[in-house]
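Have a look at entry-v8.txt below; it lists compact mmCIF, C-alpha atoms.
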# COMPACT_ATOMS: atom_id res chain seq x y z
CA MET A 783 -47.23 121.67 112.14
CA LEU A 784 -48.39 124.31 114.63
CA SER A 785 -49.81 123.29 117.94
CA ILE A 786 -53.11 124.68 119.14
CA THR A 787 -51.45 127.16 121.50
CA GLN A 788 -49.17 128.47 118.77
CA SER A 789 -52.00 128.96 116.28
CA THR A 790 -54.04 130.70 119.00
CA SER A 791 -51.21 133.10 119.75
CA ILE A 792 -50.83 133.87 116.04
CA ASN A 793 -54.55 134.59 115.80
CA ASN A 794 -54.34 136.76 118.92
CA ARG A 795 -51.49 138.73 117.43
CA ALA A 796 -53.34 139.14 114.14
CA THR A 797 -56.47 140.23 116.00
CA GLN A 798 -54.50 142.74 118.06
CA ARG A 799 -52.81 144.11 114.95
CA ALA A 800 -56.12 144.46 113.10
CA THR A 801 -57.76 146.21 116.05
CA LYS A 802 -54.76 148.49 116.44
CA ASN A 803 -54.91 149.41 112.74
CA PHE A 804 -58.66 150.03 113.03
CA LEU A 805 -58.16 152.42 115.95
CA MET A 806 -55.09 154.10 114.47
CA SER A 807 -57.02 154.92 111.29
CA TYR A 808 -59.06 157.36 113.41
CA ARG A 809 -56.50 160.05 112.70
CA HIS A 810 -56.86 159.49 108.94
CA TRP A 811 -60.64 159.81 109.09
CA GLN A 812 -60.40 162.84 111.33
CA PHE A 813 -58.11 164.46 108.75
CA GLN A 814 -60.59 163.58 105.96
CA LEU A 815 -63.38 165.11 108.02
CA ASN A 816 -61.51 168.36 108.60
CA GLN A 817 -60.52 168.55 104.94
CA ALA A 818 -64.14 168.09 103.86
CA ILE A 819 -65.28 170.79 106.27
CA LEU A 820 -62.79 173.23 104.79
CA LEU A 821 -63.85 172.38 101.25
CA LEU A 822 -67.55 172.76 102.07
CA GLN A 823 -66.90 176.27 103.38
CA GLN A 824 -65.82 177.43 99.94
CA PRO A 825 -68.64 179.38 98.27
CA GLN A 826 -67.94 178.21 94.70
CA LEU A 827 -67.59 174.48 94.85
CA ASP A 828 -68.24 172.38 91.75
CA ASN A 829 -68.61 168.93 93.30
CA ARG A 830 -70.42 169.74 96.54
CA GLN A 831 -72.32 166.42 96.63
CA MET A 832 -69.13 164.39 96.41
CA ILE A 833 -67.56 166.41 99.22
CA GLN A 834 -70.71 166.01 101.34
CA LYS A 835 -70.56 162.23 100.87
CA ARG A 836 -66.89 162.25 101.85
CA TYR A 837 -67.75 164.35 104.90
CA GLN A 838 -70.54 161.97 105.91
CA ARG A 839 -68.33 158.88 105.50
CA ALA A 840 -65.50 160.42 107.53
CA LEU A 841 -67.94 161.47 110.25
CA GLU A 842 -69.37 157.95 110.46
CA GLU A 843 -65.91 156.34 110.59
CA CYS A 844 -64.74 158.65 113.40
CA HIS A 845 -67.96 158.08 115.31
CA LEU A 846 -67.67 154.30 114.88
CA ARG A 847 -64.24 154.22 116.52
CA LYS A 848 -65.28 156.47 119.40
CA GLN A 849 -68.54 154.63 119.94
CA SER A 850 -66.94 151.19 120.07
CA LEU A 851 -64.57 152.37 122.83
CA GLN A 852 -67.40 154.07 124.70
CA MET A 853 -69.41 150.84 124.61
CA LEU A 854 -66.39 148.93 125.89
CA GLY A 855 -66.05 151.39 128.77
CA LYS A 856 -69.62 150.77 129.90
CA LEU A 857 -69.16 147.01 130.37
CA GLY A 858 -67.26 147.12 133.68
CA THR A 859 -64.27 148.56 135.52
CA GLN A 860 -61.65 146.46 133.71
CA GLU A 861 -63.26 147.29 130.40
CA ALA A 862 -63.38 151.00 131.32
CA PHE A 863 -59.64 150.86 132.04
CA ALA A 864 -59.11 149.20 128.65
CA ALA A 865 -61.27 151.80 126.89
CA ASP A 866 -59.38 154.69 128.52
CA LEU A 867 -56.06 153.10 127.63
CA LEU A 868 -57.00 152.61 123.97
CA THR A 869 -58.56 156.06 123.68
CA ALA A 870 -55.45 157.73 125.05
CA ARG A 871 -53.01 155.65 122.98
CA PHE A 872 -54.74 155.42 119.62
CA LEU A 873 -57.35 158.15 119.36
CA LYS A 874 -55.47 160.88 121.21
CA ARG A 875 -52.07 159.44 120.19
CA TRP A 876 -50.49 159.98 123.61
CA SER A 877 -47.12 158.51 124.45
CA ILE A 878 -46.83 155.47 126.69
CA ALA A 879 -45.47 157.62 129.53
CA LYS A 880 -48.31 160.14 129.31
CA THR A 881 -50.91 157.38 129.07
CA CYS A 882 -49.42 155.60 132.12
CA GLN A 883 -49.50 158.84 134.08
CA PHE A 884 -53.12 159.48 133.08
CA LEU A 885 -54.21 155.95 134.01
CA THR A 886 -52.39 155.97 137.37
CA GLN A 887 -54.09 159.23 138.31
CA LYS A 888 -57.55 158.25 137.10
CA TYR A 889 -57.57 154.76 138.59
CA HIS A 890 -55.53 155.62 141.71
CA LEU A 891 -52.70 153.22 140.90
CA THR A 892 -49.35 153.51 142.64
CA TYR A 893 -47.29 152.77 139.54
CA LEU A 894 -47.82 151.38 136.06
CA ALA A 895 -44.68 149.88 134.56
CA GLU A 896 -44.16 149.87 130.80
CA ARG A 897 -44.13 146.08 130.70
CA THR A 898 -47.43 145.95 132.56
CA PHE A 899 -48.77 148.65 130.29
CA ASN A 900 -47.89 146.63 127.18
CA ARG A 901 -49.63 143.57 128.61
CA ASP A 902 -52.69 145.67 129.51
CA GLN A 903 -52.70 147.22 126.04
CA ASN A 904 -52.65 143.81 124.36
CA ARG A 905 -55.50 142.64 126.61
CA ALA A 906 -57.42 145.84 125.83
CA LEU A 907 -56.94 145.30 122.10
CA ARG A 908 -58.32 141.76 122.41
CA LEU A 909 -61.32 143.04 124.41
CA SER A 910 -61.94 145.83 121.94
CA SER A 911 -61.75 143.48 118.98
CA GLN A 912 -65.00 141.90 120.10
CA LEU A 913 -66.82 145.24 119.67
CA CYS A 914 -65.04 146.54 116.58
CA PRO A 915 -66.58 145.78 113.20
Write out the structure in this file as structure tokens.
Amino acid sequence: MLSITQSTSINNRATQRATKNFLMSYRHWQFQLNQAILLLQQPQLDNRQMIQKRYQRALEECHLRKQSLQMLGKLGTQEAFAADLLTARFLKRWSIAKTCQFLTQKYHLTYLAERTFNRDQNRALRLSSQLCP
């Protein structure tokens, strides 16, 4: 039988994984959006309404991910740090090193170790999960 702390850590990990998947799907929706834009530019398109619906859905999904991180960033300084971290890592798909460099410059940190970064990323995913649908 799992203790309360073990079940909580499992739920935290599942929550972090779900939030990470939600944010990482931004690239998929962005691709769908660009594909729909290209298809809508064709003069002779048989199923224009279907493509317009796909375009609208992709636009809404991209906006939802950006908006949830923007709302997180407006809650406070720690939340702004979390929003910048998640935006750089999952929406822009930057490497850990590039994200650390960006965050140290923006927040005037002396150094951000990878281990600290991973802990901050997990905390940011938990914070973001409260705003993500």
> Which residues come within 10 Å of range 886-897 of chain A, counting only C-alpha atoms, excluding same-chain residues fewer than 5 positions away, as a list in words?
Replying inline: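 My reading of the contact set: Thr859, Phe863, Asp866, Ile878, Ala879, Lys880, Thr881, Asp902 and Gln903 of chain A.
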Could the residues in this selection be written to a file with C-alpha atoms, as a compact mmCIF listing (two decimals), keeping the file's coordinate frame?
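Final output, saved to out.txt:
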# COMPACT_ATOMS: atom_id res chain seq x y z
CA THR A 859 -64.27 148.56 135.52
CA PHE A 863 -59.64 150.86 132.04
CA ASP A 866 -59.38 154.69 128.52
CA ILE A 878 -46.83 155.47 126.69
CA ALA A 879 -45.47 157.62 129.53
CA LYS A 880 -48.31 160.14 129.31
CA THR A 881 -50.91 157.38 129.07
CA ASP A 902 -52.69 145.67 129.51
CA GLN A 903 -52.70 147.22 126.04
>> With distances taken over all atoms listed in the file, which residue among A:Lys835, A:Gln849, A:Phe899, A:Ser911 lies nearest Asn803 in chain A?
In response: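 For Asn803 in chain A, the nearest of the given residues is A:Ser911.
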> Looking at A:Gln812, A:Gln824, A:Gln860, A:Ser877, which one is nearest to Tyr837 in chain A, with distances taken over all atoms listed in the file?
Replying inline: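 When distances to Tyr837 in chain A are compared using all atoms listed in the file, the smallest one comes from A:Gln812.
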> What does the distance between CA of Leu868 in chain A and CA of Leu815 in chain A come to in Å, to one decimal place?
Replying inline: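 Separating CA of Leu868 in chain A from CA of Leu815 in chain A is a distance of 21.2 Å.
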> Interatomic distance between CA of Cys882 in chain A and CA of Gln814 in chain A?
Replying inline: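 CA of Gln814 in chain A lies 29.5 Å from CA of Cys882 in chain A.
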> For Arg799 in chain A, which residue among A:Leu913, A:Leu873, A:Leu857, A:Leu907 is the nearest when counting all atoms listed in the file?
Replying inline: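 Smallest separation from Arg799 in chain A among the options: A:Leu907.
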>> If I take CA of Arg836 in chain A and CA of Leu851 in chain A, how far is one from the other in Å, to one decimal?
In response: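 About the pair CA of Arg836 in chain A and CA of Leu851 in chain A: they are 23.3 Å apart.
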>> Which residues are near Gln834 in chain A? Cut-off 10 Å, all atoms listed in the file, ignore same chain within fewer than 3 positions. Put them as number ranges by chain.
In response: A: 815, 818-819, 821-822, 829-831, 837-840
> Which one of A:Cys914, A:Leu820, A:Thr869, A:Arg908 sits closest to Asn794 in chain A if you count all atoms listed in the file?
Replying inline: A:Arg908
Residues within 10 Å of Phe804 in chain A, please, as a short mmCIF file (atom, residue, chain, number, x, y, z; two decimals) with C-alpha atoms, in the frame of the given file. Count all atoms listed in the file; anything in the same chain fewer than 4 positions from it doesn't count.
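Just written: selection_20.cif:
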data_model
loop_
_atom_site.label_atom_id
_atom_site.label_comp_id
_atom_site.auth_asym_id
_atom_site.auth_seq_id
_atom_site.Cartn_x
_atom_site.Cartn_y
_atom_site.Cartn_z
CA GLN A 798 -54.50 142.74 118.06
CA ARG A 799 -52.81 144.11 114.95
CA ALA A 800 -56.12 144.46 113.10
CA TYR A 808 -59.06 157.36 113.41
CA GLU A 843 -65.91 156.34 110.59
CA ARG A 847 -64.24 154.22 116.52
CA PHE A 872 -54.74 155.42 119.62
CA SER A 911 -61.75 143.48 118.98
CA CYS A 914 -65.04 146.54 116.58
CA PRO A 915 -66.58 145.78 113.20
#
> Given the choices A:Asn816, A:Asn900, A:Ala906, A:Met806, which gets closest to Ile833 in chain A if the distance is worked out from all atoms listed in the file?
Replying inline: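 When distances to Ile833 in chain A are compared using all atoms listed in the file, the smallest one comes from A:Asn816.
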> Taking only C-alpha atoms into account, which of A:Met832, A:Arg905, A:Leu841, A:Gln823 comes nearest His810 in chain A?
Replying inline: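 Looking at the shortest contact to His810 in chain A, the residue is A:Leu841.
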What box, with edges along x, y and z, holds each listed atom of range 821-840 of chain A when 5 Å is added on every side, and can you state its centre and edge lengths in Å to one decimal, as JSON?
{"center_x": -68.1, "center_y": 169.1, "center_z": 99.6, "size_x": 18.5, "size_y": 30.5, "size_z": 25.8}
Completed range 820-843 of chain A (N, CA, C and O atoms) as a PDB file, keeping the file's coordinate frame:
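Listing of part.pdb after writing:
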ATOM      1  N   LEU A 820     -63.410 172.069 105.437  1.00  0.00           N
ATOM      2  CA  LEU A 820     -62.790 173.230 104.790  1.00  0.00           C
ATOM      3  C   LEU A 820     -63.265 173.399 103.353  1.00  0.00           C
ATOM      4  O   LEU A 820     -63.516 174.520 102.904  1.00  0.00           O
ATOM      5  N   LEU A 821     -63.395 172.303 102.636  1.00  0.00           N
ATOM      6  CA  LEU A 821     -63.850 172.380 101.250  1.00  0.00           C
ATOM      7  C   LEU A 821     -65.310 172.829 101.159  1.00  0.00           C
ATOM      8  O   LEU A 821     -65.678 173.583 100.257  1.00  0.00           O
ATOM      9  N   LEU A 822     -66.134 172.375 102.093  1.00  0.00           N
ATOM     10  CA  LEU A 822     -67.550 172.760 102.070  1.00  0.00           C
ATOM     11  C   LEU A 822     -67.767 174.227 102.418  1.00  0.00           C
ATOM     12  O   LEU A 822     -68.812 174.781 102.110  1.00  0.00           O
ATOM     13  N   GLN A 823     -66.783 174.862 103.036  1.00  0.00           N
ATOM     14  CA  GLN A 823     -66.900 176.270 103.380  1.00  0.00           C
ATOM     15  C   GLN A 823     -66.614 177.183 102.192  1.00  0.00           C
ATOM     16  O   GLN A 823     -66.876 178.375 102.265  1.00  0.00           O
ATOM     17  N   GLN A 824     -66.099 176.618 101.130  1.00  0.00           N
ATOM     18  CA  GLN A 824     -65.820 177.430  99.940  1.00  0.00           C
ATOM     19  C   GLN A 824     -67.143 177.739  99.228  1.00  0.00           C
ATOM     20  O   GLN A 824     -67.955 176.852  98.994  1.00  0.00           O
ATOM     21  N   PRO A 825     -67.347 179.010  98.867  1.00  0.00           N
ATOM     22  CA  PRO A 825     -68.640 179.380  98.270  1.00  0.00           C
ATOM     23  C   PRO A 825     -68.849 178.796  96.869  1.00  0.00           C
ATOM     24  O   PRO A 825     -69.956 178.422  96.520  1.00  0.00           O
ATOM     25  N   GLN A 826     -67.805 178.716  96.077  1.00  0.00           N
ATOM     26  CA  GLN A 826     -67.940 178.210  94.700  1.00  0.00           C
ATOM     27  C   GLN A 826     -67.286 176.841  94.605  1.00  0.00           C
ATOM     28  O   GLN A 826     -66.106 176.711  94.306  1.00  0.00           O
ATOM     29  N   LEU A 827     -68.093 175.842  94.849  1.00  0.00           N
ATOM     30  CA  LEU A 827     -67.590 174.480  94.850  1.00  0.00           C
ATOM     31  C   LEU A 827     -68.353 173.686  93.792  1.00  0.00           C
ATOM     32  O   LEU A 827     -69.583 173.649  93.786  1.00  0.00           O
ATOM     33  N   ASP A 828     -67.615 173.092  92.862  1.00  0.00           N
ATOM     34  CA  ASP A 828     -68.240 172.380  91.750  1.00  0.00           C
ATOM     35  C   ASP A 828     -68.861 171.050  92.177  1.00  0.00           C
ATOM     36  O   ASP A 828     -69.971 170.725  91.785  1.00  0.00           O
ATOM     37  N   ASN A 829     -68.157 170.278  92.946  1.00  0.00           N
ATOM     38  CA  ASN A 829     -68.610 168.930  93.300  1.00  0.00           C
ATOM     39  C   ASN A 829     -69.012 168.852  94.777  1.00  0.00           C
ATOM     40  O   ASN A 829     -68.489 168.059  95.529  1.00  0.00           O
ATOM     41  N   ARG A 830     -69.977 169.658  95.146  1.00  0.00           N
ATOM     42  CA  ARG A 830     -70.420 169.740  96.540  1.00  0.00           C
ATOM     43  C   ARG A 830     -70.992 168.407  97.033  1.00  0.00           C
ATOM     44  O   ARG A 830     -70.744 168.004  98.165  1.00  0.00           O
ATOM     45  N   GLN A 831     -71.740 167.697  96.197  1.00  0.00           N
ATOM     46  CA  GLN A 831     -72.320 166.420  96.630  1.00  0.00           C
ATOM     47  C   GLN A 831     -71.251 165.395  96.953  1.00  0.00           C
ATOM     48  O   GLN A 831     -71.370 164.653  97.925  1.00  0.00           O
ATOM     49  N   MET A 832     -70.205 165.342  96.156  1.00  0.00           N
ATOM     50  CA  MET A 832     -69.130 164.390  96.410  1.00  0.00           C
ATOM     51  C   MET A 832     -68.417 164.713  97.727  1.00  0.00           C
ATOM     52  O   MET A 832     -68.105 163.823  98.514  1.00  0.00           O
ATOM     53  N   ILE A 833     -68.211 165.984  97.976  1.00  0.00           N
ATOM     54  CA  ILE A 833     -67.560 166.410  99.220  1.00  0.00           C
ATOM     55  C   ILE A 833     -68.476 166.120 100.413  1.00  0.00           C
ATOM     56  O   ILE A 833     -68.004 165.697 101.471  1.00  0.00           O
ATOM     57  N   GLN A 834     -69.774 166.304 100.249  1.00  0.00           N
ATOM     58  CA  GLN A 834     -70.710 166.010 101.340  1.00  0.00           C
ATOM     59  C   GLN A 834     -70.725 164.516 101.652  1.00  0.00           C
ATOM     60  O   GLN A 834     -70.809 164.126 102.815  1.00  0.00           O
ATOM     61  N   LYS A 835     -70.634 163.672 100.640  1.00  0.00           N
ATOM     62  CA  LYS A 835     -70.560 162.230 100.870  1.00  0.00           C
ATOM     63  C   LYS A 835     -69.275 161.861 101.592  1.00  0.00           C
ATOM     64  O   LYS A 835     -69.271 161.015 102.489  1.00  0.00           O
ATOM     65  N   ARG A 836     -68.173 162.495 101.186  1.00  0.00           N
ATOM     66  CA  ARG A 836     -66.890 162.250 101.850  1.00  0.00           C
ATOM     67  C   ARG A 836     -66.942 162.696 103.302  1.00  0.00           C
ATOM     68  O   ARG A 836     -66.429 162.011 104.201  1.00  0.00           O
ATOM     69  N   TYR A 837     -67.576 163.843 103.533  1.00  0.00           N
ATOM     70  CA  TYR A 837     -67.750 164.350 104.900  1.00  0.00           C
ATOM     71  C   TYR A 837     -68.555 163.365 105.735  1.00  0.00           C
ATOM     72  O   TYR A 837     -68.184 163.036 106.863  1.00  0.00           O
ATOM     73  N   GLN A 838     -69.669 162.885 105.184  1.00  0.00           N
ATOM     74  CA  GLN A 838     -70.540 161.970 105.910  1.00  0.00           C
ATOM     75  C   GLN A 838     -69.821 160.659 106.231  1.00  0.00           C
ATOM     76  O   GLN A 838     -69.924 160.139 107.342  1.00  0.00           O
ATOM     77  N   ARG A 839     -69.063 160.131 105.280  1.00  0.00           N
ATOM     78  CA  ARG A 839     -68.330 158.880 105.500  1.00  0.00           C
ATOM     79  C   ARG A 839     -67.275 159.062 106.590  1.00  0.00           C
ATOM     80  O   ARG A 839     -67.130 158.218 107.483  1.00  0.00           O
ATOM     81  N   ALA A 840     -66.533 160.168 106.527  1.00  0.00           N
ATOM     82  CA  ALA A 840     -65.500 160.420 107.530  1.00  0.00           C
ATOM     83  C   ALA A 840     -66.112 160.599 108.916  1.00  0.00           C
ATOM     84  O   ALA A 840     -65.581 160.100 109.911  1.00  0.00           O
ATOM     85  N   LEU A 841     -67.244 161.273 108.975  1.00  0.00           N
ATOM     86  CA  LEU A 841     -67.940 161.470 110.250  1.00  0.00           C
ATOM     87  C   LEU A 841     -68.385 160.130 110.833  1.00  0.00           C
ATOM     88  O   LEU A 841     -68.213 159.871 112.032  1.00  0.00           O
ATOM     89  N   GLU A 842     -68.926 159.265 109.997  1.00  0.00           N
ATOM     90  CA  GLU A 842     -69.370 157.950 110.460  1.00  0.00           C
ATOM     91  C   GLU A 842     -68.193 157.099 110.935  1.00  0.00           C
ATOM     92  O   GLU A 842     -68.300 156.398 111.942  1.00  0.00           O
ATOM     93  N   GLU A 843     -67.079 157.139 110.209  1.00  0.00           N
ATOM     94  CA  GLU A 843     -65.910 156.340 110.590  1.00  0.00           C
ATOM     95  C   GLU A 843     -65.323 156.819 111.920  1.00  0.00           C
ATOM     96  O   GLU A 843     -64.954 156.002 112.770  1.00  0.00           O
TER      97      GLU A 843
END
